[in-house]
Amino acid sequence: MPIAKKKNIRKSRKKPLLNSSKSVIVVHTTENETLFPEKVKRAKEILSNTKFLDR
Amino acid sequence: MTYSPYSYKMTGSHRYTFVSTGKIRIIKAVDFSPIGVENIYNLGFGDLLPDGSLDVNVKSNNGDILKVLSTVVHITRDFTTRFPAIEIFFIGSTEERTKLYARILKMYYREFRKEFKISGLIQKSNSYSAVPFEANDAFDYFAFLIKKIE
């Protein structure tokens, strides 16, 4: 009786979460909130001390 | 810019995301937020971390900086086409990053100026002056303002 050939089964590698297309990203802001409050605050400080010479 | 951008999606009226696929996969967020100065919005840009927080100071070193910046330019073009009255303020998270933005604005100035009015902010002690951006000047610009030419 012939011996059945052992199938070459590759082990599936589990992808790291960061590389997975199925990773779930939750951003805890609403539509009207900025994602970058510190940058917005800084921008306001800079622009309130800015002279507009080009207009 | 000659670099082809990543495809992006608008995830809110003032917000976009795209995926940087350099060495690793990184989700990037671009957000345009009102500053409280009439018709001027801040351009915020950073990495969306798996816990849902954002890192604006991260140096991703993902090997695709020019493709990422090209995508941000395309997103800015899309946003300012939708809202042409809005002027966009942007500044690097570090001095080095601001200098990189200045180099790119200078490099692609002939292309950008067809579409945008560009101003540079120059620091004078504790105040700033917004002047027309020129590709040949030697100013160390502190920040930038761009507005779609209507």
# chains A, B, ... in the order shown; residues from 1 in each chain; ligands from 1
call {"tool": "closest_atom_pairs", "arguments": {"of": "chain B", "to": "chain A", "cutoff": "6 Å", "atoms": "only C-alpha atoms", "output": "CSV"}}
result
residue,atom,partner,partner_atom,distance
B:Arg25,CA,A:Asn19,CA,5.5
B:Ser33,CA,A:Thr34,CA,5.8
B:Ile35,CA,A:Lys44,CA,5.6
B:Pro50,CA,A:Ile25,CA,5.9
B:Gly52,CA,A:Val26,CA,4.6
B:Ser127,CA,A:Asn49,CA,5.1
B:Tyr128,CA,A:Thr50,CA,4.5
B:Ser129,CA,A:Lys51,CA,4.7
B:Ala130,CA,A:Phe52,CA,4.8
B:Val131,CA,A:Asp54,CA,5.1
B:Pro132,CA,A:Asp54,CA,5.7
call {"tool": "select_by_dssp", "arguments": {"residues": "range 21-116 of chain B", "states": "strand (DSSP E or B)", "output": "list in words"}}
result
Thr21, Arg25, Ile26, Ile27, Lys28, Ala29, Val30, Asp31, Phe32, Ser33, Pro34, Ile40, Tyr41, Asn42, Leu43, Gly44, Phe45, Gly46, Asp47, Leu48, Leu54, Asp55, Glu87, Ile88, Phe89, Phe90 and Phe116 of chain B
call {"tool": "residues_around", "arguments": {"residues": "Tyr108 in chain B", "least_positions_apart": "6", "cutoff": "12 Å", "atoms": "only C-alpha atoms", "output": "ChimeraX atom specification"}}
result
/B:1-3,70,73,101-102,114-116,118,134-135
call {"tool": "write_last_selection", "arguments": {"atoms": "N, CA and C atoms", "output": "PDB file, in the first residue's frame"}}
result
ATOM      1  N   MET B   1       3.092  68.832  -6.360  1.00  0.00           N
ATOM      2  CA  MET B   1       4.259  67.997  -6.115  1.00  0.00           C
ATOM      3  C   MET B   1       4.243  66.790  -7.035  1.00  0.00           C
ATOM      4  N   THR B   2       5.416  66.365  -7.413  1.00  0.00           N
ATOM      5  CA  THR B   2       5.497  65.283  -8.383  1.00  0.00           C
ATOM      6  C   THR B   2       5.273  63.905  -7.750  1.00  0.00           C
ATOM      7  N   TYR B   3       5.365  63.821  -6.428  1.00  0.00           N
ATOM      8  CA  TYR B   3       5.146  62.541  -5.779  1.00  0.00           C
ATOM      9  C   TYR B   3       3.656  62.226  -5.768  1.00  0.00           C
ATOM     10  N   SER B  70       3.087  65.094   0.103  1.00  0.00           N
ATOM     11  CA  SER B  70       2.325  65.266  -1.133  1.00  0.00           C
ATOM     12  C   SER B  70       0.834  65.006  -0.873  1.00  0.00           C
ATOM     13  N   VAL B  73      -0.634  67.966   0.870  1.00  0.00           N
ATOM     14  CA  VAL B  73      -0.859  69.053  -0.100  1.00  0.00           C
ATOM     15  C   VAL B  73      -2.161  68.798  -0.875  1.00  0.00           C
ATOM     16  N   TYR B 101       9.167  72.323   5.610  1.00  0.00           N
ATOM     17  CA  TYR B 101       8.009  72.863   4.899  1.00  0.00           C
ATOM     18  C   TYR B 101       8.431  74.043   4.015  1.00  0.00           C
ATOM     19  N   ALA B 102       9.322  74.907   4.542  1.00  0.00           N
ATOM     20  CA  ALA B 102       9.793  76.057   3.761  1.00  0.00           C
ATOM     21  C   ALA B 102      10.535  75.587   2.509  1.00  0.00           C
ATOM     22  N   LYS B 114       0.386  79.213  -8.549  1.00  0.00           N
ATOM     23  CA  LYS B 114      -0.710  79.267  -9.527  1.00  0.00           C
ATOM     24  C   LYS B 114      -2.049  79.062  -8.828  1.00  0.00           C
ATOM     25  N   GLU B 115      -2.012  78.341  -7.731  1.00  0.00           N
ATOM     26  CA  GLU B 115      -3.243  77.974  -7.023  1.00  0.00           C
ATOM     27  C   GLU B 115      -3.462  78.700  -5.711  1.00  0.00           C
ATOM     28  N   PHE B 116      -2.347  79.042  -5.042  1.00  0.00           N
ATOM     29  CA  PHE B 116      -2.449  79.570  -3.680  1.00  0.00           C
ATOM     30  C   PHE B 116      -1.729  80.894  -3.514  1.00  0.00           C
ATOM     31  N   ILE B 118       0.446  82.576  -0.899  1.00  0.00           N
ATOM     32  CA  ILE B 118       1.230  82.044   0.227  1.00  0.00           C
ATOM     33  C   ILE B 118       1.867  83.194   0.998  1.00  0.00           C
ATOM     34  N   GLU B 134       8.246  84.399  -0.728  1.00  0.00           N
ATOM     35  CA  GLU B 134       9.028  84.431  -1.976  1.00  0.00           C
ATOM     36  C   GLU B 134      10.012  83.271  -1.961  1.00  0.00           C
ATOM     37  N   ALA B 135      10.164  82.643  -3.102  1.00  0.00           N
ATOM     38  CA  ALA B 135      11.041  81.470  -3.168  1.00  0.00           C
ATOM     39  C   ALA B 135      12.513  81.828  -3.010  1.00  0.00           C
TER      40      ALA B 135
END
call {"tool": "atom_distance", "arguments": {"atom1": "CA of Gly44 in chain B", "atom2": "CA of Arg113 in chain B"}}
result
21.9 Å
call {"tool": "atom_distance", "arguments": {"atom1": "CA of Asp51 in chain B", "atom2": "CA of Val68 in chain B"}}
result
21.9 Å
call {"tool": "atom_distance", "arguments": {"atom1": "CA of Asp64 in chain B", "atom2": "CA of Lys28 in chain B"}}
result
12.4 Å
call {"tool": "select_by_dssp", "arguments": {"residues": "range 12-140 of chain B", "states": "alpha helix (DSSP H)", "output": "ChimeraX atom specification"}}
result
/B:65-82,95-107,109-115
call {"tool": "write_last_selection", "arguments": {"atoms": "C-alpha atoms", "output": "PDB file, in the first residue's frame"}}
result
ATOM      1  CA  ILE B  65       7.969  61.582   3.983  1.00  0.00           C
ATOM      2  CA  LEU B  66       7.630  63.173   0.524  1.00  0.00           C
ATOM      3  CA  LYS B  67       4.684  60.948  -0.412  1.00  0.00           C
ATOM      4  CA  VAL B  68       3.045  61.787   2.937  1.00  0.00           C
ATOM      5  CA  LEU B  69       3.591  65.541   2.437  1.00  0.00           C
ATOM      6  CA  SER B  70       2.325  65.266  -1.133  1.00  0.00           C
ATOM      7  CA  THR B  71      -0.845  63.704   0.276  1.00  0.00           C
ATOM      8  CA  VAL B  72      -1.223  66.562   2.784  1.00  0.00           C
ATOM      9  CA  VAL B  73      -0.859  69.053  -0.100  1.00  0.00           C
ATOM     10  CA  HIS B  74      -3.582  67.244  -2.068  1.00  0.00           C
ATOM     11  CA  ILE B  75      -5.834  67.188   0.998  1.00  0.00           C
ATOM     12  CA  THR B  76      -5.238  70.914   1.536  1.00  0.00           C
ATOM     13  CA  ARG B  77      -6.108  71.520  -2.107  1.00  0.00           C
ATOM     14  CA  ASP B  78      -9.331  69.530  -1.686  1.00  0.00           C
ATOM     15  CA  PHE B  79     -10.283  71.376   1.506  1.00  0.00           C
ATOM     16  CA  THR B  80      -9.561  74.848   0.134  1.00  0.00           C
ATOM     17  CA  THR B  81     -11.487  74.043  -3.038  1.00  0.00           C
ATOM     18  CA  ARG B  82     -14.498  73.170  -0.878  1.00  0.00           C
ATOM     19  CA  GLU B  95      11.924  74.127  13.925  1.00  0.00           C
ATOM     20  CA  GLU B  96      13.485  71.453  11.723  1.00  0.00           C
ATOM     21  CA  ARG B  97      10.048  70.435  10.426  1.00  0.00           C
ATOM     22  CA  THR B  98       9.110  74.076   9.692  1.00  0.00           C
ATOM     23  CA  LYS B  99      12.336  74.419   7.692  1.00  0.00           C
ATOM     24  CA  LEU B 100      11.398  71.308   5.730  1.00  0.00           C
ATOM     25  CA  TYR B 101       8.009  72.863   4.899  1.00  0.00           C
ATOM     26  CA  ALA B 102       9.793  76.057   3.761  1.00  0.00           C
ATOM     27  CA  ARG B 103      12.121  74.027   1.515  1.00  0.00           C
ATOM     28  CA  ILE B 104       9.165  72.242  -0.084  1.00  0.00           C
ATOM     29  CA  LEU B 105       7.260  75.515  -0.586  1.00  0.00           C
ATOM     30  CA  LYS B 106      10.360  76.988  -2.251  1.00  0.00           C
ATOM     31  CA  MET B 107      10.972  73.895  -4.369  1.00  0.00           C
ATOM     32  CA  TYR B 109       6.725  77.543  -5.519  1.00  0.00           C
ATOM     33  CA  ARG B 110       6.110  77.956  -9.263  1.00  0.00           C
ATOM     34  CA  GLU B 111       3.455  75.263  -9.085  1.00  0.00           C
ATOM     35  CA  PHE B 112       1.876  76.331  -5.783  1.00  0.00           C
ATOM     36  CA  ARG B 113       1.621  80.025  -6.609  1.00  0.00           C
ATOM     37  CA  LYS B 114      -0.710  79.267  -9.527  1.00  0.00           C
ATOM     38  CA  GLU B 115      -3.243  77.974  -7.023  1.00  0.00           C
TER      39      GLU B 115
END
call {"tool": "closest_residue", "arguments": {"among": "B:Ala85, B:Ile91, B:Val30, B:Leu49", "to": "Ser13 in chain B", "atoms": "only C-alpha atoms"}}
result
B:Val30
call {"tool": "residues_around", "arguments": {"residues": "Lys23 in chain B", "least_positions_apart": "6", "cutoff": "9 Å", "atoms": "only C-alpha atoms", "output": "number ranges by chain"}}
result
B: 61-64
call {"tool": "write_last_selection", "arguments": {"atoms": "N, CA and C atoms", "output": "tab-separated table (two decimals), in the first residue's frame"}}
result
chain	number	residue	atom	x	y	z
B	61	ASN	N	9.63	58.14	10.65
B	61	ASN	CA	10.73	57.52	9.88
B	61	ASN	C	10.23	56.33	9.08
B	62	ASN	N	9.11	56.55	8.40
B	62	ASN	CA	8.49	55.44	7.66
B	62	ASN	C	8.99	55.35	6.23
B	63	GLY	N	9.94	56.22	5.89
B	63	GLY	CA	10.58	56.14	4.58
B	63	GLY	C	9.76	56.72	3.44
B	64	ASP	N	8.69	57.48	3.78
B	64	ASP	CA	7.81	57.98	2.71
B	64	ASP	C	7.41	59.43	2.96
